[in-house]
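Q: Quick one, structure-v1.pdb (PDB, C-alpha atoms):
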ATOM      1  CA  MET A   1      11.784  10.141  12.120
ATOM      2  CA  ASP A   2      10.067  12.561   9.748
ATOM      3  CA  ARG A   3       6.622  13.467  11.119
ATOM      4  CA  GLU A   4       4.832  12.651   7.862
ATOM      5  CA  LEU A   5       6.609   9.292   7.606
ATOM      6  CA  LEU A   6       5.784   8.490  11.224
ATOM      7  CA  PHE A   7       2.131   9.345  10.607
ATOM      8  CA  GLY A   8       1.991   7.004   7.602
ATOM      9  CA  LYS A   9       3.665   4.147   9.474
ATOM     10  CA  THR A  10       1.351   4.636  12.447
ATOM     11  CA  LEU A  11      -1.716   4.634  10.230
ATOM     12  CA  GLU A  12      -0.641   1.366   8.600
ATOM     13  CA  LYS A  13       0.004  -0.088  12.059
ATOM     14  CA  VAL A  14      -3.517   0.847  13.177
ATOM     15  CA  LYS A  15      -5.027  -0.652  10.008
ATOM     16  CA  ARG A  16      -3.130  -3.893  10.636
ATOM     17  CA  LEU A  17      -4.277  -3.957  14.262
ATOM     18  CA  ALA A  18      -7.868  -3.502  13.097
ATOM     19  CA  LYS A  19      -7.534  -6.464  10.708
ATOM     20  CA  GLU A  20      -6.190  -8.617  13.549
ATOM     21  CA  GLN A  21      -9.228  -7.631  15.632
ATOM     22  CA  GLY A  22     -11.839  -8.443  13.015
ATOM     23  CA  ASN A  23     -11.750  -5.112  11.174
ATOM     24  CA  CYS A  24     -12.321  -3.049  14.298
ATOM     25  CA  VAL A  25     -10.272  -0.677  16.433
ATOM     26  CA  SER A  26     -11.228   1.355  19.498
ATOM     27  CA  ARG A  27     -10.858   5.122  19.855
ATOM     28  CA  GLU A  28      -8.527   4.511  22.791
ATOM     29  CA  GLN A  29      -6.262   2.386  20.607
ATOM     30  CA  ILE A  30      -6.218   5.127  17.964
ATOM     31  CA  ARG A  31      -5.296   7.757  20.561
ATOM     32  CA  GLU A  32      -2.536   5.557  21.995
ATOM     33  CA  ALA A  33      -1.109   4.805  18.551
ATOM     34  CA  PHE A  34      -0.918   8.484  17.588
ATOM     35  CA  ALA A  35       0.085   9.774  21.051
ATOM     36  CA  GLU A  36       3.667  10.467  19.945
ATOM     37  CA  LEU A  37       2.396  12.773  17.200
ATOM     38  CA  GLY A  38       0.203  14.774  19.586
ATOM     39  CA  LEU A  39      -2.717  15.018  17.170
ATOM     40  CA  ALA A  40      -5.557  17.402  17.954
ATOM     41  CA  GLN A  41      -9.081  16.055  18.357
ATOM     42  CA  GLU A  42      -9.994  17.315  14.891
ATOM     43  CA  GLN A  43      -7.049  15.425  13.382
ATOM     44  CA  LEU A  44      -7.985  12.237  15.235
ATOM     45  CA  ALA A  45     -11.501  12.623  13.848
ATOM     46  CA  LEU A  46     -10.022  12.733  10.340
ATOM     47  CA  VAL A  47      -8.081   9.535  11.096
ATOM     48  CA  GLU A  48     -11.326   7.857  12.177
ATOM     49  CA  GLU A  49     -13.031   9.078   9.007
ATOM     50  CA  TYR A  50     -10.193   7.622   6.931
ATOM     51  CA  LEU A  51     -10.407   4.262   8.712
ATOM     52  CA  GLN A  52     -14.188   4.124   8.286
ATOM     53  CA  GLY A  53     -13.674   4.875   4.593
ATOM     54  CA  HIS A  54     -11.555   1.731   4.479
ATOM     55  CA  LYS A  55     -14.407  -0.285   6.037
ATOM     56  CA  ILE A  56     -12.817  -0.413   9.498
ATOM     57  CA  GLY A  57     -15.209  -0.143  12.413
ATOM     58  CA  ILE A  58     -14.558   2.289  15.256
ATOM     59  CA  GLY A  59     -15.567   0.683  18.536
ATOM     60  CA  GLU A  60     -17.549  -2.074  16.850
ATOM     61  CA  PRO A  61     -16.846  -4.180  13.751
ATOM     62  CA  VAL A  62     -18.527  -3.587  10.416
ATOM     63  CA  ASP A  63     -19.946  -6.423   8.372
ATOM     64  CA  PRO A  64     -17.056  -7.485   6.081
ATOM     65  CA  THR A  65     -19.486  -8.903   3.529
ATOM     66  CA  ASP A  66     -20.627  -5.336   2.793
ATOM     67  CA  ASN A  67     -17.450  -4.981   0.701
ATOM     68  CA  LEU A  68     -18.244  -7.974  -1.484
ATOM     69  CA  THR A  69     -19.681  -7.834  -4.976
ATOM     70  CA  GLU A  70     -22.563 -10.138  -5.906
ATOM     71  CA  GLU A  71     -20.100 -12.340  -7.777
ATOM     72  CA  GLU A  72     -17.855 -12.563  -4.710
ATOM     73  CA  VAL A  73     -20.797 -13.392  -2.456
ATOM     74  CA  ARG A  74     -21.774 -16.261  -4.766
ATOM     75  CA  TYR A  75     -18.184 -17.508  -4.867
ATOM     76  CA  LEU A  76     -17.846 -17.310  -1.074
ATOM     77  CA  ASP A  77     -21.108 -19.182  -0.483
ATOM     78  CA  ILE A  78     -19.980 -22.035  -2.746
ATOM     79  CA  TYR A  79     -16.490 -22.080  -1.264
ATOM     80  CA  LEU A  80     -17.700 -22.165   2.348
ATOM     81  CA  GLU A  81     -20.231 -24.840   1.459
ATOM     82  CA  GLU A  82     -17.374 -27.002   0.196
ATOM     83  CA  LEU A  83     -15.398 -26.405   3.380
ATOM     84  CA  GLU A  84     -18.400 -27.445   5.468
ATOM     85  CA  ARG A  85     -18.036 -30.951   4.034
ATOM     86  CA  MET A  86     -14.614 -31.350   5.618
ATOM     87  CA  GLU A  87     -14.212 -33.354   8.780
ATOM     88  CA  LYS A  88     -14.503 -31.262  11.938
ATOM     89  CA  VAL A  89     -11.905 -31.517  14.720
ATOM     90  CA  THR A  90     -12.030 -30.696  18.418
ATOM     91  CA  GLU A  91      -9.623 -28.236  20.040
ATOM     92  CA  GLY A  92      -7.746 -31.184  21.518
ATOM     93  CA  GLU A  93      -7.388 -32.844  18.125
ATOM     94  CA  LYS A  94      -6.283 -29.535  16.619
ATOM     95  CA  GLU A  95      -3.556 -29.174  19.246
ATOM     96  CA  ALA A  96      -2.358 -32.723  18.629
ATOM     97  CA  VAL A  97      -2.186 -32.108  14.868
ATOM     98  CA  THR A  98      -0.359 -28.833  15.495
ATOM     99  CA  LEU A  99       2.250 -30.528  17.673
ATOM    100  CA  SER A 100       2.821 -33.199  15.036
ATOM    101  CA  ALA A 101       3.117 -30.519  12.362
ATOM    102  CA  MET A 102       5.662 -28.675  14.518
ATOM    103  CA  ALA A 103       7.631 -31.928  14.727
ATOM    104  CA  GLY A 104       7.799 -32.086  10.919
ATOM    105  CA  ASP A 105       5.078 -34.665  10.194
ATOM    106  CA  GLY A 106       4.033 -34.020   6.589
ATOM    107  CA  GLN A 107       0.577 -35.562   6.948
ATOM    108  CA  ALA A 108      -0.097 -33.486  10.048
ATOM    109  CA  GLN A 109       1.028 -30.341   8.229
ATOM    110  CA  ALA A 110      -1.397 -31.065   5.381
ATOM    111  CA  LYS A 111      -4.182 -31.728   7.885
ATOM    112  CA  LEU A 112      -3.430 -28.523   9.777
ATOM    113  CA  ALA A 113      -3.579 -26.506   6.561
ATOM    114  CA  GLU A 114      -7.002 -28.025   5.911
ATOM    115  CA  ILE A 115      -8.157 -27.093   9.422
ATOM    116  CA  TYR A 116      -7.206 -23.438   8.853
ATOM    117  CA  LEU A 117      -8.850 -23.064   5.421
ATOM    118  CA  PRO A 118     -12.028 -21.473   6.868
ATOM    119  CA  GLN A 119      -9.879 -18.905   8.692
ATOM    120  CA  VAL A 120      -8.259 -17.924   5.386
ATOM    121  CA  ALA A 121     -11.707 -17.145   3.978
ATOM    122  CA  GLU A 122     -12.589 -15.075   7.049
ATOM    123  CA  ILE A 123      -9.382 -13.054   6.765
ATOM    124  CA  ALA A 124      -9.947 -12.572   3.031
ATOM    125  CA  LYS A 125     -13.308 -10.930   3.753
ATOM    126  CA  LEU A 126     -11.494  -8.343   5.872
ATOM    127  CA  TYR A 127      -9.266  -7.445   2.915
ATOM    128  CA  SER A 128     -12.056  -7.335   0.346
ATOM    129  CA  GLY A 129     -13.002  -4.175  -1.504
ATOM    130  CA  GLN A 130      -9.386  -3.144  -2.144
ATOM    131  CA  GLY A 131      -9.132  -3.952  -5.825
ATOM    132  CA  VAL A 132      -8.413  -7.679  -5.596
ATOM    133  CA  PHE A 133     -11.113 -10.284  -6.197
ATOM    134  CA  LEU A 134     -11.960 -12.375  -3.129
ATOM    135  CA  GLU A 135     -11.012 -15.627  -4.869
ATOM    136  CA  ASP A 136      -7.505 -14.286  -5.517
ATOM    137  CA  LEU A 137      -7.134 -13.190  -1.890
ATOM    138  CA  ILE A 138      -8.166 -16.638  -0.696
ATOM    139  CA  GLY A 139      -5.764 -18.216  -3.182
ATOM    140  CA  GLU A 140      -2.853 -16.126  -1.895
ATOM    141  CA  GLY A 141      -3.838 -16.891   1.684
ATOM    142  CA  ASN A 142      -3.974 -20.613   0.994
ATOM    143  CA  VAL A 143      -0.502 -20.547  -0.569
ATOM    144  CA  ALA A 144       0.854 -18.749   2.507
ATOM    145  CA  LEU A 145      -0.924 -21.244   4.770
ATOM    146  CA  ALA A 146       0.550 -24.224   2.906
ATOM    147  CA  ALA A 147       4.015 -22.757   3.370
ATOM    148  CA  GLY A 148       3.372 -21.717   6.958
ATOM    149  CA  VAL A 149       2.440 -25.153   8.279
ATOM    150  CA  THR A 150       5.887 -26.414   7.221
ATOM    151  CA  MET A 151       7.623 -23.651   9.211
ATOM    152  CA  LEU A 152       6.170 -24.233  12.669
ATOM    153  CA  GLY A 153       9.223 -26.028  14.005
ATOM    154  CA  CYS A 154      10.584 -22.717  15.290
ATOM    155  CA  LEU A 155       7.723 -22.401  17.808
ATOM    156  CA  GLU A 156       7.854 -23.531  21.415
ATOM    157  CA  HIS A 157       4.116 -23.947  22.022
ATOM    158  CA  ALA A 158       1.232 -25.147  19.874
ATOM    159  CA  ARG A 159      -0.834 -22.123  20.876
ATOM    160  CA  GLU A 160       1.607 -19.886  18.971
ATOM    161  CA  ALA A 161       0.780 -21.536  15.647
ATOM    162  CA  GLU A 162      -2.482 -19.708  15.041
ATOM    163  CA  GLY A 163      -0.848 -16.296  15.442
ATOM    164  CA  MET A 164       2.051 -17.182  13.167
ATOM    165  CA  LEU A 165      -0.157 -18.631  10.454
ATOM    166  CA  GLY A 166      -2.596 -15.728  10.688
ATOM    167  CA  LYS A 167       0.235 -13.236  10.255
ATOM    168  CA  MET A 168       1.584 -15.078   7.212
ATOM    169  CA  ILE A 169      -1.869 -15.180   5.644
ATOM    170  CA  MET A 170      -2.420 -11.466   6.255
ATOM    171  CA  ASP A 171       1.039 -10.579   4.949
ATOM    172  CA  ALA A 172       0.352 -12.514   1.748
ATOM    173  CA  MET A 173      -2.970 -10.770   1.158
ATOM    174  CA  GLU A 174      -1.512  -7.335   1.857
ATOM    175  CA  GLU A 175       1.336  -8.030  -0.573
ATOM    176  CA  CYS A 176      -1.178  -9.164  -3.193
ATOM    177  CA  ILE A 177      -3.172  -5.950  -2.776
ATOM    178  CA  GLN A 178      -0.015  -3.817  -2.956
ATOM    179  CA  ASP A 179       1.233  -5.651  -6.057
ATOM    180  CA  ASN A 180      -2.143  -5.114  -7.697
ATOM    181  CA  LEU A 181      -2.050  -1.422  -6.806
ATOM    182  CA  ASN A 182       1.492  -1.063  -8.160
ATOM    183  CA  GLN A 183       0.490  -2.775 -11.402
ATOM    184  CA  ARG A 184      -2.528  -0.504 -11.805
ATOM    185  CA  ARG A 185      -0.328   2.539 -11.281
ATOM    186  CA  LYS A 186       2.152   1.204 -13.833
ATOM    187  CA  ASP A 187      -0.645   0.526 -16.332
ATOM    188  CA  GLU A 188      -2.056   4.019 -15.817
ATOM    189  CA  LYS A 189       1.403   5.525 -16.340
ATOM    190  CA  VAL A 190       1.940   3.543 -19.551
ATOM    191  CA  LEU A 191      -1.518   4.527 -20.839
ATOM    192  CA  LYS A 192      -0.682   8.155 -20.138
ATOM    193  CA  HIS A 193       2.547   7.744 -22.109
ATOM    194  CA  VAL A 194       0.709   6.085 -25.007
ATOM    195  CA  LYS A 195      -1.699   9.012 -25.245
ATOM    196  CA  LEU A 196       1.137  11.530 -24.988
ATOM    197  CA  VAL A 197       3.279   9.834 -27.636
ATOM    198  CA  ALA A 198       0.338   9.481 -30.029
ATOM    199  CA  LYS A 199      -0.575  13.155 -29.611
ATOM    200  CA  GLN A 200       2.968  14.435 -30.043
ATOM    201  CA  ALA A 201       3.648  12.130 -32.996
ATOM    202  CA  ARG A 202       0.650  13.559 -34.834
ATOM    203  CA  GLU A 203       1.549  17.166 -34.031
ATOM    204  CA  LEU A 204       5.226  16.804 -34.957
ATOM    205  CA  ALA A 205       4.377  14.989 -38.184
ATOM    206  CA  GLU A 206       2.139  17.893 -39.178
ATOM    207  CA  VAL A 207       4.975  20.349 -38.484
ATOM    208  CA  PHE A 208       7.734  18.334 -40.195
ATOM    209  CA  GLN A 209       5.481  17.012 -42.963
ATOM    210  CA  ARG A 210       6.939  13.549 -42.434
ATOM    211  CA  LYS A 211       6.971  10.686 -39.978
ATOM    212  CA  VAL A 212       8.959  11.360 -36.827
ATOM    213  CA  THR A 213      11.649   9.362 -35.065
ATOM    214  CA  VAL A 214      11.697   7.886 -31.593
ATOM    215  CA  ALA A 215      14.512  10.267 -30.637
ATOM    216  CA  GLU A 216      12.469  13.274 -31.757
ATOM    217  CA  LEU A 217       9.474  12.078 -29.746
ATOM    218  CA  ALA A 218      11.636  11.511 -26.686
ATOM    219  CA  ALA A 219      12.965  15.050 -26.917
ATOM    220  CA  GLU A 220       9.494  16.525 -27.399
ATOM    221  CA  THR A 221       7.728  14.529 -24.674
ATOM    222  CA  GLU A 222      10.642  14.501 -22.202
ATOM    223  CA  LEU A 223      10.314  10.719 -22.007
ATOM    224  CA  THR A 224      13.272   8.390 -22.449
ATOM    225  CA  GLU A 225      13.565   6.571 -25.769
ATOM    226  CA  GLU A 226      12.853   3.336 -23.877
ATOM    227  CA  GLU A 227       9.592   4.808 -22.534
ATOM    228  CA  VAL A 228       8.602   5.951 -26.023
ATOM    229  CA  LEU A 229       9.302   2.474 -27.421
ATOM    230  CA  GLU A 230       7.297   0.896 -24.594
ATOM    231  CA  ALA A 231       4.370   3.201 -25.376
ATOM    232  CA  ILE A 232       4.563   2.171 -29.033
ATOM    233  CA  ARG A 233       4.602  -1.520 -28.072
ATOM    234  CA  MET A 234       1.692  -1.100 -25.668
ATOM    235  CA  SER A 235      -0.336   0.513 -28.444
ATOM    236  CA  GLY A 236       0.212  -2.582 -30.551
ATOM    237  CA  SER A 237       2.437  -0.467 -32.824
ATOM    238  CA  HIS A 238      -0.706   1.337 -33.968
ATOM    239  CA  ILE A 239       0.539   4.864 -33.324
ATOM    240  CA  GLU A 240       0.743   6.582 -36.681
ATOM    241  CA  TYR A 241       3.292   9.123 -37.878
ATOM    242  CA  ILE A 242       6.289   7.266 -36.369
ATOM    243  CA  ARG A 243       9.149   6.209 -38.597
ATOM    244  CA  LYS A 244      10.145   2.550 -38.341
ATOM    245  CA  GLU A 245      13.865   2.393 -37.634
TER
END
Please express what this file holds, its structure, as structure tokens.
A:
Amino acid sequence: MDRELLFGKTLEKVKRLAKEQGNCVSREQIREAFAELGLAQEQLALVEEYLQGHKIGIGEPVDPTDNLTEEEVRYLDIYLEELERMEKVTEGEKEAVTLSAMAGDGQAQAKLAEIYLPQVAEIAKLYSGQGVFLEDLIGEGNVALAAGVTMLGCLEHAREAEGMLGKMIMDAMEECIQDNLNQRRKDEKVLKHVKLVAKQARELAEVFQRKVTVAELAAETELTEEEVLEAIRMSGSHIEYIRKE
């Protein structure tokens, strides 16, 4: 595997491990993860710096609420207060509900999802500060949880349920964050195109002393005609100097 690709995959693996451990990873775990790459001490220090920049504790966890905005803190307080009103269950009762859920009991599955709601909020705090509002992370986690409790029939033991559900919740939040990042990148790219098309349309119109065509703009900007048309649409068709065809 390409060294750079291996480094990226290893880094993501370490970040995931940290999330599973409450946003914390040890130096020994970092060294073991990157052992195959043979990183120097200075390079490992840069990895630690990167992880700390992503609010991951080295050796001891950081307070996940440090990533929250005031609005998110208020939302979380209200949300957790609502969860506190739910009926509490013992570990024995939780196991019994889990076993019934594994057997396909719909009521037990709904009850188990309710039992795990506080855990969704805790996991969401670990993923906060990455461009997605806490409420949306919790929402995605709850959707994954609702689906997960109906899929426990593949397990052999009740104790495996927590790990499976936790993984599904984390996967859903990570996908939400990645989708948000991809959309932001797409929006930034389109905005860049809008600015470029508007600038070139004005300059070409001054040269030709007339409005310009989409084909002429595509040739000048090295964008496809579809990208030029998308830029025009995203501007609300407010870019001047373009001939309507």
Q: What would the selection look like, as a ChimeraX atom specification, if the PyMOL selection byres ((chain A and resi 111) around 12) were run on the coordinates I just shared?
A: /A:86-89,93-101,105-110,112-117,145-146,149-150
Q: Any chance you could resolve the PyMOL selection byres ((chain A and resi 9-13) around 9) against this file and give the residues as an mmCIF file with C-alpha atoms, in the frame of the given file?
A:
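Contents of part.cif, freshly written:
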data_model
loop_
_atom_site.group_PDB
_atom_site.id
_atom_site.type_symbol
_atom_site.label_atom_id
_atom_site.label_comp_id
_atom_site.auth_asym_id
_atom_site.auth_seq_id
_atom_site.Cartn_x
_atom_site.Cartn_y
_atom_site.Cartn_z
ATOM 1 C CA GLU A 4 4.832 12.651 7.862
ATOM 2 C CA LEU A 5 6.609 9.292 7.606
ATOM 3 C CA LEU A 6 5.784 8.490 11.224
ATOM 4 C CA PHE A 7 2.131 9.345 10.607
ATOM 5 C CA GLY A 8 1.991 7.004 7.602
ATOM 6 C CA VAL A 14 -3.517 0.847 13.177
ATOM 7 C CA LYS A 15 -5.027 -0.652 10.008
ATOM 8 C CA ARG A 16 -3.130 -3.893 10.636
ATOM 9 C CA LEU A 17 -4.277 -3.957 14.262
ATOM 10 C CA ALA A 18 -7.868 -3.502 13.097
ATOM 11 C CA ILE A 30 -6.218 5.127 17.964
ATOM 12 C CA ALA A 33 -1.109 4.805 18.551
ATOM 13 C CA PHE A 34 -0.918 8.484 17.588
ATOM 14 C CA VAL A 47 -8.081 9.535 11.096
ATOM 15 C CA LEU A 51 -10.407 4.262 8.712
#
Q: For each of A:Glu216, A:Glu156, A:Asp2, A:Glu60, take the minimum atom-to-atom distance to Val25 (chain A), counting all atoms listed in the file, then give the residue where this is smallest.
A: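 For Val25 (chain A), the nearest of the candidates is A:Glu60.
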Q: Box for region 189-192 of chain A - axis-aligned, 6 Å on each of the six sides, all listed atoms - centre and size in Å to one decimal, as AutoDock Vina command-line options.
A:
--center_x 0.2 --center_y 5.8 --center_z -18.6 --size_x 15.5 --size_y 16.6 --size_z 16.5
Q: To one decimal place, how far is CA of Arg185 (chain A) from CA of Glu227 (chain A) in Å?
A: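 These two atoms are separated by 15.2 Å.
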Q: Determine the nearest neighbour of His193 (chain A) from the options A:Ala231, A:Met173, A:Ile242, A:Leu217, counting all atoms listed in the file.
A: A:Ala231
Q: Return the single residue from A:Gly163, A:Gln52, A:Leu223, A:Ala172 that is closest to Gly139 (chain A), with distances computed using all atoms listed in the file.
A: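 Closest candidate: A:Ala172.
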Q: Report, in Å with one decimal, the straight-line distance from CA of Gln178 (chain A) to CA of Gln130 (chain A).
A: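 Those two atoms sit 9.4 Å apart.
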Q: What does the distance from CA of Val120 (chain A) to CA of Ala147 (chain A) come to in Å, to one decimal?
A: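 Here the two named atoms are 13.3 Å from each other.
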Q: Using all atoms listed in the file, which residues sit within 9 Å of Met234 (chain A) once same-chain residues fewer than 4 positions away are excluded, as a list in words?
A: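 My reading of the contact set: Val190, Leu191, Val194, Leu229, Glu230 and His238 of chain A.
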Q: Evaluating the PyMOL selection byres ((chain A and resi 122) around 10) on the displayed file yields which residues, as number ranges by chain?
A: A: 22, 64-65, 76, 80, 117-121, 123-127, 138
Q: Compare A:Val197, A:Glu203, A:Val212, A:Arg31 by their minimum atom-to-atom distance to Val228 (chain A), counting all atoms listed in the file, and give me the closest one.
A: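 Under the stated criterion, the closest residue is A:Val197.
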Q: Out of A:Glu135, A:Glu36, A:Tyr241, A:Arg184, which residue has the shortest atom-to-atom distance to Arg74 (chain A) when counting all atoms listed in the file?
A: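 With all atoms listed in the file as the atom set, the closest residue is A:Glu135.
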Q: Find, counting all atoms listed in the file, the residue in A:Glu70, A:Glu91, A:Leu44, A:Leu181 that gets nearest to Gly131 (chain A).
A: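 For Gly131 (chain A), the nearest of the candidates is A:Leu181.
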Q: Do a neighbour search on Glu240 (chain A) at 10 Å with only C-alpha atoms, toss out local chain neighbours closer than 5 positions, and write the hits as a list in words.
A: Val197, Ala198, Lys199, Ala201, Arg202, Ala205, Lys211, Val212 and Ile232 of chain A
Q: Which residues, written as a PyMOL selection string, have at least one atom at most 12 Å from Gly53 (chain A), with all atoms listed in the file counted and residues fewer than 4 positions away on the same chain left out?
A: chain A and resi 15+46-49+57-58+62+67+129-130
Q: Is there a way to get, as a ChimeraX atom specification, all residues within 9 Å of the point (18.9, 6.8, -29.7) in file coordinates, counting all atoms listed in the file?
A: /A:214-215,225
Q: Could those residues be written to a file, using C-alpha atoms, as a PDB file, keeping the file's coordinate frame?
A:
ATOM      1  CA  VAL A 214      11.697   7.886 -31.593  1.00  0.00           C
ATOM      2  CA  ALA A 215      14.512  10.267 -30.637  1.00  0.00           C
ATOM      3  CA  GLU A 225      13.565   6.571 -25.769  1.00  0.00           C
TER       4      GLU A 225
END
